[in-house]
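S.K.: To be precise about what I am sending: the file is called work-v4.cif and holds mmCIF, C-alpha atoms and all ligand atoms.
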data_work
loop_
_atom_site.label_atom_id
_atom_site.label_comp_id
_atom_site.auth_asym_id
_atom_site.auth_seq_id
_atom_site.Cartn_x
_atom_site.Cartn_y
_atom_site.Cartn_z
CA MET A 130 -15.06 -26.46 5.88
CA SER A 131 -13.31 -29.36 7.52
CA GLN A 132 -13.30 -31.02 10.91
CA PHE A 133 -9.52 -30.69 10.82
CA TRP A 134 -9.48 -26.89 10.87
CA SER A 135 -8.52 -24.92 13.97
CA PRO A 136 -11.64 -23.11 15.21
CA ILE A 137 -10.41 -19.65 14.16
CA VAL A 138 -10.15 -20.71 10.51
CA HIS A 139 -13.94 -21.03 10.35
CA THR A 140 -14.27 -17.36 11.32
CA LEU A 141 -11.79 -15.87 8.83
CA THR A 142 -12.78 -13.75 5.80
CA PRO A 143 -9.55 -13.80 3.77
CA TYR A 144 -8.48 -10.75 1.77
CA VAL A 145 -9.10 -11.15 -1.96
CA ALA A 146 -6.19 -9.82 -4.02
CA GLY A 147 -6.74 -8.34 -7.49
CA GLU A 148 -6.66 -10.79 -10.38
CA GLN A 149 -3.25 -11.90 -11.71
CA PRO A 150 -4.38 -13.29 -15.09
CA LYS A 151 -2.70 -16.36 -16.56
CA GLN A 152 -3.26 -15.32 -20.18
CA GLY A 153 -1.13 -12.58 -21.74
CA GLY A 154 -2.27 -9.66 -23.88
CA LEU A 155 -4.42 -7.97 -21.23
CA ILE A 156 -3.96 -4.35 -20.16
CA LYS A 157 -3.47 -4.80 -16.44
CA LEU A 158 -4.62 -1.73 -14.51
CA ASN A 159 -6.07 -3.58 -11.53
CA THR A 160 -3.42 -4.01 -8.81
CA ASN A 161 -1.48 -0.73 -8.69
CA GLU A 162 1.79 -2.25 -9.87
CA SER A 163 4.35 -0.04 -11.60
CA PRO A 164 4.00 -0.12 -15.39
CA TYR A 165 7.74 0.48 -15.84
CA GLY A 166 9.48 -2.36 -14.01
CA PRO A 167 12.30 -1.91 -11.50
CA SER A 168 15.59 -0.08 -11.82
CA PRO A 169 18.02 -2.01 -14.05
CA LEU A 170 20.49 -1.77 -11.18
CA ALA A 171 18.08 -3.80 -9.02
CA ILE A 172 17.85 -6.51 -11.68
CA ALA A 173 21.65 -6.56 -12.03
CA ALA A 174 22.06 -6.88 -8.25
CA ILE A 175 19.56 -9.76 -8.10
CA LYS A 176 21.43 -11.56 -10.89
CA GLU A 177 24.73 -11.00 -9.15
CA ALA A 178 23.35 -12.36 -5.88
CA SER A 179 22.18 -15.54 -7.66
CA ASP A 180 25.26 -17.57 -6.86
CA ASP A 181 26.54 -20.29 -4.54
CA ALA A 182 25.86 -18.10 -1.53
CA LEU A 183 22.18 -19.05 -1.91
CA ARG A 184 23.01 -22.19 0.07
CA LEU A 185 23.41 -19.92 3.11
CA TYR A 186 20.57 -18.27 4.99
CA PRO A 187 20.32 -14.52 4.39
CA ASP A 188 20.99 -11.82 6.98
CA PRO A 189 17.95 -12.24 9.27
CA THR A 190 17.81 -8.50 9.98
CA GLY A 191 18.42 -7.09 6.47
CA LEU A 192 21.01 -4.76 7.98
CA ALA A 193 22.50 -3.27 4.78
CA LEU A 194 19.04 -2.38 3.47
CA ARG A 195 17.96 -0.96 6.84
CA GLN A 196 21.12 1.15 7.00
CA ALA A 197 20.48 2.56 3.52
CA ILE A 198 16.85 3.44 4.30
CA ALA A 199 17.84 4.91 7.67
CA ALA A 200 20.59 7.07 6.16
CA SER A 201 18.16 8.62 3.65
CA HIS A 202 15.81 9.67 6.43
CA GLY A 203 18.28 10.70 9.14
CA LEU A 204 17.25 7.70 11.26
CA ASP A 205 19.22 4.83 12.85
CA ALA A 206 19.11 1.32 11.39
CA GLU A 207 17.48 0.28 14.71
CA GLU A 208 14.55 2.47 13.75
CA ILE A 209 13.84 0.50 10.55
CA PHE A 210 12.10 -2.88 10.27
CA VAL A 211 12.03 -4.78 6.96
CA GLY A 212 9.62 -7.53 5.94
CA ASN A 213 8.20 -9.63 3.13
CA GLY A 214 6.11 -6.90 1.52
CA SER A 215 4.42 -4.20 3.56
CA ASP A 216 1.53 -6.62 4.00
CA GLU A 217 3.73 -8.75 6.25
CA VAL A 218 5.05 -5.65 8.02
CA LEU A 219 1.44 -4.55 8.58
CA ALA A 220 0.43 -8.01 9.80
CA HIS A 221 3.20 -7.92 12.42
CA THR A 222 2.18 -4.36 13.30
CA PHE A 223 -1.42 -5.38 13.94
CA GLN A 224 -0.27 -8.19 16.21
CA ALA A 225 2.56 -6.33 17.94
CA LEU A 226 1.16 -2.81 18.35
CA LEU A 227 -2.55 -2.51 17.53
CA ASN A 228 -4.18 -5.17 19.71
CA HIS A 229 -5.44 -3.37 22.82
CA GLU A 230 -8.43 -3.49 25.11
CA ARG A 231 -10.14 -0.65 23.28
CA ASP A 232 -11.01 -0.73 19.58
CA LEU A 233 -8.60 -0.01 16.76
CA LEU A 234 -9.92 2.77 14.48
CA PHE A 235 -9.57 3.03 10.70
CA PRO A 236 -11.65 4.59 7.89
CA ASP A 237 -14.78 2.80 6.67
CA ILE A 238 -13.44 2.97 3.11
CA THR A 239 -9.80 1.92 3.16
CA TYR A 240 -7.35 -0.93 2.53
CA SER A 241 -9.50 -4.01 2.98
CA PHE A 242 -6.67 -6.02 4.53
CA TYR A 243 -7.13 -4.12 7.82
CA PRO A 244 -10.36 -5.86 8.94
CA THR A 245 -8.86 -9.16 7.76
CA TYR A 246 -5.87 -8.77 10.10
CA CYS A 247 -8.25 -7.78 12.91
CA ARG A 248 -10.20 -11.00 12.49
CA LEU A 249 -7.02 -13.08 12.25
CA TYR A 250 -5.59 -11.63 15.47
CA GLY A 251 -8.87 -11.09 17.35
CA ILE A 252 -8.51 -7.29 17.40
CA GLY A 253 -11.66 -5.26 18.13
CA PHE A 254 -12.13 -2.44 15.62
CA ARG A 255 -14.50 0.36 14.63
CA THR A 256 -14.56 2.07 11.26
CA VAL A 257 -14.82 5.86 10.97
CA PRO A 258 -16.86 7.10 7.98
CA LEU A 259 -15.17 9.23 5.35
CA ASP A 260 -16.98 12.53 4.82
CA ASP A 261 -19.23 13.29 1.83
CA ALA A 262 -16.20 14.20 -0.30
CA MET A 263 -14.64 10.80 0.61
CA ARG A 264 -12.02 12.49 2.80
CA VAL A 265 -10.62 11.34 6.14
CA ARG A 266 -11.55 13.87 8.85
CA ILE A 267 -9.03 13.59 11.66
CA GLU A 268 -11.47 15.29 14.08
CA ASP A 269 -13.61 12.14 13.83
CA TYR A 270 -10.84 10.03 15.44
CA GLY A 271 -11.78 10.59 19.07
CA PRO A 272 -10.07 9.51 22.29
CA ASP A 273 -12.17 6.35 22.75
CA CYS A 274 -9.84 3.94 20.96
CA GLY A 275 -6.85 1.65 21.49
CA ALA A 276 -4.88 2.69 18.37
CA ILE A 277 -5.36 4.16 14.88
CA ILE A 278 -4.25 3.11 11.39
CA LEU A 279 -4.68 5.16 8.20
CA PRO A 280 -3.21 4.92 4.73
CA ASN A 281 -1.94 8.26 3.44
CA PRO A 282 -2.87 8.66 0.62
CA ASN A 283 -5.93 6.61 1.45
CA ALA A 284 -6.72 3.60 -0.73
CA PRO A 285 -8.78 3.16 -2.82
CA THR A 286 -9.73 6.86 -2.90
CA GLY A 287 -6.18 8.14 -3.57
CA ILE A 288 -6.89 11.25 -1.46
CA ALA A 289 -4.01 12.45 0.75
CA LEU A 290 -4.07 14.32 4.03
CA PRO A 291 -1.57 17.16 4.48
CA LEU A 292 1.30 16.51 6.88
CA ALA A 293 -0.15 19.05 9.35
CA ASP A 294 -3.27 16.86 9.71
CA ILE A 295 -1.20 13.72 10.30
CA GLU A 296 0.84 15.59 12.89
CA ALA A 297 -2.31 16.84 14.63
CA LEU A 298 -3.70 13.29 14.72
CA VAL A 299 -0.51 11.80 16.15
CA LEU A 300 -0.20 14.58 18.76
CA ALA A 301 -3.87 14.26 19.75
CA HIS A 302 -3.32 10.61 20.76
CA PRO A 303 0.04 10.58 22.58
CA GLN A 304 -0.83 7.39 24.49
CA LYS A 305 -1.93 5.43 21.39
CA VAL A 306 0.04 4.02 18.49
CA VAL A 307 -0.82 5.77 15.22
CA VAL A 308 0.26 3.88 12.08
CA ILE A 309 0.47 5.71 8.75
CA ASP A 310 0.50 3.27 5.83
CA GLU A 311 2.39 5.15 3.10
CA ALA A 312 2.22 2.54 0.31
CA TYR A 313 1.44 5.33 -2.21
CA VAL A 314 3.12 8.32 -0.57
CA ASP A 315 5.74 8.85 -3.30
CA PHE A 316 3.13 9.80 -5.90
CA GLY A 317 2.25 13.16 -4.39
CA ALA A 318 1.71 13.05 -0.62
CA GLU A 319 4.01 14.21 2.19
CA SER A 320 5.62 11.47 4.28
CA ALA A 321 5.21 11.54 8.05
CA VAL A 322 8.79 10.26 8.51
CA SER A 323 9.92 13.73 9.61
CA LEU A 324 7.67 13.40 12.70
CA ILE A 325 9.27 10.19 13.99
CA ARG A 326 11.96 11.97 16.06
CA SER A 327 9.38 13.88 18.06
CA CYS A 328 6.55 11.31 18.11
CA PRO A 329 7.20 8.10 20.07
CA ASN A 330 3.74 6.78 19.12
CA LEU A 331 4.14 7.06 15.31
CA LEU A 332 4.93 4.15 12.98
CA VAL A 333 5.27 4.80 9.23
CA VAL A 334 5.02 1.85 6.80
CA GLN A 335 6.24 1.95 3.18
CA THR A 336 6.82 -0.51 0.33
CA PHE A 337 9.04 -1.22 -2.67
CA SER A 338 6.01 -2.55 -4.56
CA LYS A 339 4.65 0.65 -6.08
CA SER A 340 7.03 3.55 -6.77
CA ARG A 341 10.04 1.21 -7.03
CA GLY A 342 8.39 -1.31 -9.34
CA LEU A 343 9.26 -4.34 -7.19
CA ALA A 344 5.88 -5.84 -6.26
CA GLY A 345 7.21 -9.25 -7.30
CA LEU A 346 10.18 -9.09 -4.92
CA ARG A 347 8.04 -8.56 -1.77
CA VAL A 348 9.85 -5.94 0.29
CA GLY A 349 8.23 -3.50 2.71
CA PHE A 350 9.45 -1.63 5.77
CA ALA A 351 8.39 0.26 8.87
CA MET A 352 10.03 3.29 10.44
CA GLY A 353 9.56 4.39 14.04
CA GLN A 354 11.30 4.85 17.35
CA ARG A 355 13.25 1.92 18.74
CA HIS A 356 10.58 0.67 21.18
CA LEU A 357 8.04 0.26 18.34
CA ILE A 358 10.53 -1.48 16.04
CA GLU A 359 11.54 -3.82 18.85
CA ALA A 360 7.92 -4.99 19.16
CA LEU A 361 7.89 -5.86 15.44
CA GLU A 362 11.20 -7.72 15.76
CA ARG A 363 9.84 -9.76 18.67
CA VAL A 364 6.85 -10.87 16.59
CA LYS A 365 8.96 -11.48 13.48
CA ASP A 366 11.44 -13.62 15.43
CA SER A 367 8.53 -15.66 16.76
CA PHE A 368 7.29 -16.22 13.20
CA ASN A 369 10.02 -16.34 10.52
CA SER A 370 13.66 -15.39 11.13
CA TYR A 371 14.37 -14.75 7.44
CA PRO A 372 11.49 -12.82 5.83
CA LEU A 373 13.73 -11.29 3.14
CA ASP A 374 15.76 -13.70 1.06
CA ARG A 375 19.20 -12.87 -0.36
CA LEU A 376 17.83 -11.78 -3.74
CA ALA A 377 15.22 -9.51 -2.17
CA GLN A 378 17.79 -7.82 0.05
CA ALA A 379 20.21 -7.27 -2.85
CA GLY A 380 17.52 -6.03 -5.26
CA ALA A 381 15.84 -3.71 -2.78
CA LEU A 382 19.18 -2.17 -1.73
CA ALA A 383 20.20 -1.45 -5.35
CA SER A 384 16.74 -0.05 -6.08
CA TRP A 385 16.90 2.24 -3.06
CA GLN A 386 20.26 3.57 -4.19
CA ASP A 387 19.06 4.37 -7.72
CA GLN A 388 17.51 7.72 -6.90
CA GLU A 389 17.68 8.94 -10.52
CA TRP A 390 15.56 6.04 -11.79
CA PHE A 391 13.10 6.49 -8.95
CA THR A 392 12.55 10.22 -9.51
CA ARG A 393 12.28 9.94 -13.30
CA HIS A 394 9.69 7.16 -13.24
CA ARG A 395 7.68 8.69 -10.41
CA ASP A 396 7.45 11.93 -12.40
CA MET A 397 6.45 10.04 -15.54
CA LEU A 398 3.68 8.28 -13.63
CA ILE A 399 2.36 11.52 -12.15
CA ALA A 400 2.29 13.12 -15.62
CA SER A 401 0.35 10.10 -17.00
CA ARG A 402 -2.08 10.28 -14.07
CA GLU A 403 -2.88 13.90 -14.79
CA ARG A 404 -3.30 13.22 -18.51
CA LEU A 405 -5.55 10.18 -17.91
CA SER A 406 -7.65 12.06 -15.32
CA LEU A 407 -8.37 14.82 -17.82
CA SER A 408 -9.36 12.37 -20.56
CA LEU A 409 -11.61 10.42 -18.17
CA GLN A 410 -13.35 13.63 -17.12
CA GLN A 411 -13.99 14.41 -20.77
CA LEU A 412 -15.68 10.99 -21.03
CA GLY A 413 -18.08 11.83 -18.19
CA PHE A 414 -16.18 10.44 -15.20
CA THR A 415 -15.88 12.13 -11.82
CA ILE A 416 -12.37 11.59 -10.48
CA LEU A 417 -11.37 11.95 -6.83
CA PRO A 418 -8.19 14.06 -6.47
CA SER A 419 -5.46 11.39 -6.49
CA SER A 420 -2.01 11.52 -4.92
CA ALA A 421 -1.47 7.84 -5.73
CA ASN A 422 -0.58 5.65 -8.73
CA PHE A 423 -4.26 5.07 -9.45
CA VAL A 424 -7.43 7.08 -9.87
CA PHE A 425 -10.82 6.35 -8.32
CA ALA A 426 -13.43 7.22 -10.93
CA ARG A 427 -17.20 7.05 -11.27
CA HIS A 428 -19.14 7.56 -14.48
CA THR A 429 -22.10 9.94 -14.37
CA ASP A 430 -24.61 7.47 -15.75
CA ARG A 431 -23.03 4.03 -16.13
CA LYS A 432 -22.88 1.39 -13.39
CA GLY A 433 -19.45 0.36 -12.11
CA ALA A 434 -20.14 -3.37 -12.54
CA GLU A 435 -21.23 -2.85 -16.15
CA LEU A 436 -18.11 -0.85 -17.02
CA LEU A 437 -15.81 -3.34 -15.26
CA GLN A 438 -17.20 -6.22 -17.34
CA ALA A 439 -17.29 -4.25 -20.62
CA LEU A 440 -13.62 -3.27 -20.12
CA ARG A 441 -12.69 -6.85 -19.33
CA ASP A 442 -14.42 -8.00 -22.51
CA ARG A 443 -12.08 -5.61 -24.35
CA GLY A 444 -8.97 -6.92 -22.56
CA VAL A 445 -8.61 -4.16 -19.95
CA LEU A 446 -8.53 -5.10 -16.25
CA VAL A 447 -9.43 -2.50 -13.62
CA ARG A 448 -10.66 -3.04 -10.03
CA ARG A 449 -14.03 -2.47 -8.42
CA PHE A 450 -15.02 -2.91 -4.78
CA GLY A 451 -18.57 -3.98 -4.09
CA SER A 452 -19.06 -2.13 -0.81
CA GLU A 453 -21.67 0.53 -0.18
CA ARG A 454 -20.96 4.08 -1.41
CA ILE A 455 -18.20 2.93 -3.78
CA GLU A 456 -19.88 0.21 -5.84
CA ASP A 457 -20.01 2.45 -8.93
CA PHE A 458 -16.37 3.52 -8.69
CA LEU A 459 -13.57 1.92 -10.68
CA ARG A 460 -10.05 1.97 -9.32
CA ILE A 461 -7.80 2.37 -12.33
CA SER A 462 -4.04 1.90 -11.89
CA ILE A 463 -1.96 4.28 -13.97
CA GLY A 464 -0.24 2.40 -16.80
CA THR A 465 2.14 3.59 -19.47
CA ASP A 466 0.66 6.27 -21.74
CA GLU A 467 0.09 3.55 -24.33
CA GLU A 468 -1.85 1.41 -21.84
CA CYS A 469 -3.89 4.43 -20.73
CA ASP A 470 -4.71 5.10 -24.39
CA ARG A 471 -5.91 1.49 -24.80
CA LEU A 472 -8.16 2.01 -21.79
CA LEU A 473 -9.53 5.25 -23.22
CA ASP A 474 -10.15 3.61 -26.63
CA ALA A 475 -12.09 0.83 -24.93
CA LEU A 476 -14.14 3.35 -22.93
CA HIS A 477 -14.91 5.33 -26.09
CA GLN A 478 -16.30 2.14 -27.66
CA ILE A 479 -18.31 1.26 -24.56
CA LEU A 480 -19.77 4.71 -23.97
CA ASN A 481 -20.64 5.55 -27.58
C1 LIG B 1 -2.74 0.75 1.30
C2 LIG B 1 -1.85 -0.41 1.02
N1 LIG B 1 -0.99 -0.81 1.97
C3 LIG B 1 -0.18 -1.87 1.78
C4 LIG B 1 -0.20 -2.58 0.60
C5 LIG B 1 0.68 -3.79 0.49
O1 LIG B 1 1.70 -3.68 -0.40
P1 LIG B 1 2.91 -4.72 -0.45
O2 LIG B 1 2.56 -5.88 0.44
O3 LIG B 1 3.05 -5.11 -1.87
O4 LIG B 1 4.09 -3.97 0.07
C6 LIG B 1 -1.07 -2.22 -0.41
C7 LIG B 1 -1.10 -3.00 -1.67
O5 LIG B 1 -1.81 -2.78 -2.59
C8 LIG B 1 -1.92 -1.11 -0.20
O6 LIG B 1 -2.81 -0.74 -1.13
#
Represent the supplied structure as structure tokens.
M.R.:
Amino acid sequence: MSQFWSPIVHTLTPYVAGEQPKQGGLIKLNTNESPYGPSPLAIAAIKEASDDALRLYPDPTGLALRQAIAASHGLDAEEIFVGNGSDEVLAHTFQALLNHERDLLFPDITYSFYPTYCRLYGIGFRTVPLDDAMRVRIEDYGPDCGAIILPNPNAPTGIALPLADIEALVLAHPQKVVVIDEAYVDFGAESAVSLIRSCPNLLVVQTFSKSRGLAGLRVGFAMGQRHLIEALERVKDSFNSYPLDRLAQAGALASWQDQEWFTRHRDMLIASRERLSLSLQQLGFTILPSSANFVFARHTDRKGAELLQALRDRGVLVRRFGSERIEDFLRISIGTDEECDRLLDALHQILN
């Protein structure tokens, strides 16, 4: 607290990111990063871009990257917006498209940055409870709202909605913006990108942080019809002209073009997820059906807080959220098979 703060600062509840430990040697399964690292072509492109040209500002619009993303999806570059991680893209989206007279709706158990953005931008919101199986029910998103945002797959549950449900939701609210946050879509869900042509109210947000192993580079993007993208550009150009530096643009472009690397590592991660889920079930965990690069797991008779600490004591970091209904769940990012085995060894010790 300080007398020097602007009044709004007193009211903020900042998002708390997962721990990034300073000491090495820990098995880090707490922030849904890729265990494999980025495509070698991305690293080569970043090295190549590290030259005298760094004295010049980067392309403020990230055109080459936007063109590459657009071409893969049959969209125009004008229908793509790039930003400094999808968190920044989402922040601009909240300010540019989700602040209306009526409340914004999102699930009660979801990405905890959403209420943080609402408080930052003064956006009224209501949360919609997940059902007993922790699923989003699109029927519960009624007409009394200003806009809707959902992750698909949802986080931290990992549960995905089928594309038909997303389509029904977007079509049921033709006068409202519906944002689908697809941070984890590549690990087993269907993207809503194919609906953009026919749905002027749909914005889809994705990231290079998860399936492309580039969380450290900070690149995210939104896809939608021109009028939605223009709103994001207006906010961005009132905030920071150059959200993606030269290295980020070069690395993200090379990563996007390396389809072979992307597919191989995504498939490896999905195989590890299925293997880990089975082993956790054998240890007495209930696992929600995950289409993401993490599993959300609860042990039959051990408390979440106890397991979190016991794992940490054995050098394994996972994440737990303290809120009601999920306090006994652990969100476990999928690591390499070796890292998953270290986790399982630690759990064996703790549970026996
Ligand atoms: C649902 C969801 N959306 C968006 C993000 C933000 O990702 P980034 O800012 O790294 O692109 C995350 C990060 O964990 C997430 O879980």
S.K.: For ligand LIG 1 (chain B), return the neighbouring residues as a PyMOL selection string (distance at most 6 Å; all atoms listed in the file).
M.R.: chain A and resi 214-216+240+280+284+310+312+336+338+344+349
S.K.: Please provide as a list of chain:residue names all residues within 12 Å of A:His428, with the sequence filter that same-chain residues fewer than 5 positions apart are discarded (counting all atoms listed in the file).
M.R.: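 Contacts, with the query itself left out: A:Leu409, A:Gln410, A:Gln411, A:Leu412, A:Gly413, A:Phe414, A:Thr415, A:Ile416, A:Leu417, A:Gly433, A:Ala434, A:Glu435, A:Leu436, A:Leu437, A:Ile455, A:Glu456, A:Asp457, A:Phe458, A:Leu459, A:Arg460, A:Leu476, A:Ile479, A:Leu480.
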S.K.: Kindly provide, as a PyMOL selection string, the polymer residues lying within 9 Å of (2.2, -1.4, 16.2), counting all atoms listed in the file and using the coordinates exactly as they appear in the file.
M.R.: chain A and resi 219+221-228+276+306-308+330-332+357-358+360-361
S.K.: Limited to C-alpha atoms, could you put the picked residues into a file as a compact mmCIF listing (two decimals), in the frame of the given file?
M.R.:
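Just written: selection-v4.txt:
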# COMPACT_ATOMS: atom_id res chain seq x y z
CA LEU A 219 1.44 -4.55 8.58
CA HIS A 221 3.20 -7.92 12.42
CA THR A 222 2.18 -4.36 13.30
CA PHE A 223 -1.42 -5.38 13.94
CA GLN A 224 -0.27 -8.19 16.21
CA ALA A 225 2.56 -6.33 17.94
CA LEU A 226 1.16 -2.81 18.35
CA LEU A 227 -2.55 -2.51 17.53
CA ASN A 228 -4.18 -5.17 19.71
CA ALA A 276 -4.88 2.69 18.37
CA VAL A 306 0.04 4.02 18.49
CA VAL A 307 -0.82 5.77 15.22
CA VAL A 308 0.26 3.88 12.08
CA ASN A 330 3.74 6.78 19.12
CA LEU A 331 4.14 7.06 15.31
CA LEU A 332 4.93 4.15 12.98
CA LEU A 357 8.04 0.26 18.34
CA ILE A 358 10.53 -1.48 16.04
CA ALA A 360 7.92 -4.99 19.16
CA LEU A 361 7.89 -5.86 15.44
S.K.: Quick one: which stretch 155-274 of chain A residues come within 6 Å of stretch 382-402 of chain A, and what is the nearest atom pair for each with the distance in Å to one decimal, counting all atoms listed in the file, rows ordered by chain and ascending number, as CSV?
M.R.:
residue,atom,partner,partner_atom,distance
A:Ser168,CA,A:Ser384,CA,5.9
A:Leu170,CA,A:Ala383,CA,5.8
A:Ala171,CA,A:Ala383,CA,4.8
A:Leu194,CA,A:Leu382,CA,5.2
S.K.: What does the distance between atom CA of A:Lys432 and atom CA of A:Arg449 come to in Å, to one decimal place?
M.R.: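 Atom-to-atom, atom CA of A:Lys432 and atom CA of A:Arg449 are spaced 10.9 Å apart.
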S.K.: Between A:Asp260, A:Glu296, A:Asp374, A:Glu403, which residue has the minimum interatomic distance to A:Phe423, considering only C-alpha atoms?
M.R.: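 The shortest atom-to-atom distance to A:Phe423 comes from A:Glu403.
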S.K.: Taking into account all atoms listed in the file, which residue in the set A:Pro258, A:Leu473, A:Ile278, A:Ile252 is nearest to A:Glu453?
M.R.: A:Pro258
S.K.: Please return as a PyMOL selection string every residue within 7 Å of (-9.6, 2.2, -0.1), taking into account only C-alpha atoms and the file's own coordinates.
M.R.: chain A and resi 238-241+283-286
S.K.: Looking at only C-alpha atoms, which of A:Arg375, A:Asp315, A:Ile461, A:Glu207 is the one that sits closest to A:Asp181?
M.R.: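 Looking only at the distances to A:Asp181, the closest residue turns out to be A:Arg375.
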S.K.: Between atom CA of A:Pro189 and atom CA of A:His202, measure the distance and give it in Å to one decimal.
M.R.: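 These two atoms are separated by 22.2 Å.
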S.K.: One decimal, in Å: what's the spacing between atom CA of A:Arg404 and atom CA of A:Val265?
M.R.: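 Atom CA of A:Val265 lies at a distance of 25.8 Å from atom CA of A:Arg404.
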S.K.: Using all atoms listed in the file, which of the listed residues (A:Gly154, A:Pro303, A:Gly317, A:Pro187) sits closest to A:Arg443?
M.R.: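 The closest residue to A:Arg443 is A:Gly154.
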S.K.: Which residues, written as a list in words, have at least one atom at most 8 Å from A:Met352, with only C-alpha atoms counted and residues fewer than 2 positions away on the same chain left out?
M.R.: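 The residues that qualify are Glu208, Ile209, Phe210, Val322, Ile325, Leu332, Val333, Val334, Phe350, Gln354 and Ile358 of chain A.
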S.K.: Could you check the closest approach to A:Leu405 for each of A:Ser420, A:Ser201, A:Thr465, A:Ser367 and tell me which residue wins, using all atoms listed in the file?
M.R.: A:Thr465
S.K.: With distances taken over all atoms listed in the file, which residue among A:Ile267, A:Ala379, A:Ile277, A:Val314 lies nearest A:Gly253?
M.R.: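 The shortest atom-to-atom distance to A:Gly253 comes from A:Ile277.
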S.K.: Which residues are near A:Gly444? Cut-off 10 Å, all atoms listed in the file, ignore same chain within fewer than 4 positions. Put them as an mmCIF file with C-alpha atoms, keeping the file's coordinate frame.
M.R.:
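As written to disk, around_17.cif reads:
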data_model
loop_
_atom_site.group_PDB
_atom_site.id
_atom_site.type_symbol
_atom_site.label_atom_id
_atom_site.label_comp_id
_atom_site.auth_asym_id
_atom_site.auth_seq_id
_atom_site.Cartn_x
_atom_site.Cartn_y
_atom_site.Cartn_z
ATOM 1 C CA GLY A 153 -1.130 -12.580 -21.740
ATOM 2 C CA GLY A 154 -2.270 -9.660 -23.880
ATOM 3 C CA LEU A 155 -4.420 -7.970 -21.230
ATOM 4 C CA ILE A 156 -3.960 -4.350 -20.160
ATOM 5 C CA LYS A 157 -3.470 -4.800 -16.440
ATOM 6 C CA GLN A 438 -17.200 -6.220 -17.340
ATOM 7 C CA ALA A 439 -17.290 -4.250 -20.620
ATOM 8 C CA LEU A 440 -13.620 -3.270 -20.120
ATOM 9 C CA ARG A 471 -5.910 1.490 -24.800
ATOM 10 C CA LEU A 472 -8.160 2.010 -21.790
ATOM 11 C CA ALA A 475 -12.090 0.830 -24.930
#
S.K.: Using the file's own x, y and z axes, so that the box edges lie along x, y and z, what centre and edge lengths in Å (one decimal) does a box around every listed atom of stretch 303-307 of chain A get when 8 Å is added on each side? Give it as JSON.
M.R.:
{"center_x": -0.9, "center_y": 7.3, "center_z": 19.9, "size_x": 18.0, "size_y": 22.6, "size_z": 25.3}
S.K.: Would you kindly return, as a list in words, each protein, DNA or RNA residue with an atom no farther than 8 Å from any atom of A:Ile175, considering only C-alpha atoms and excluding same-chain residues fewer than 6 positions away?
M.R.: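 Listed by chain and then number, they are Leu376, Ala377, Ala379 and Gly380 of chain A.
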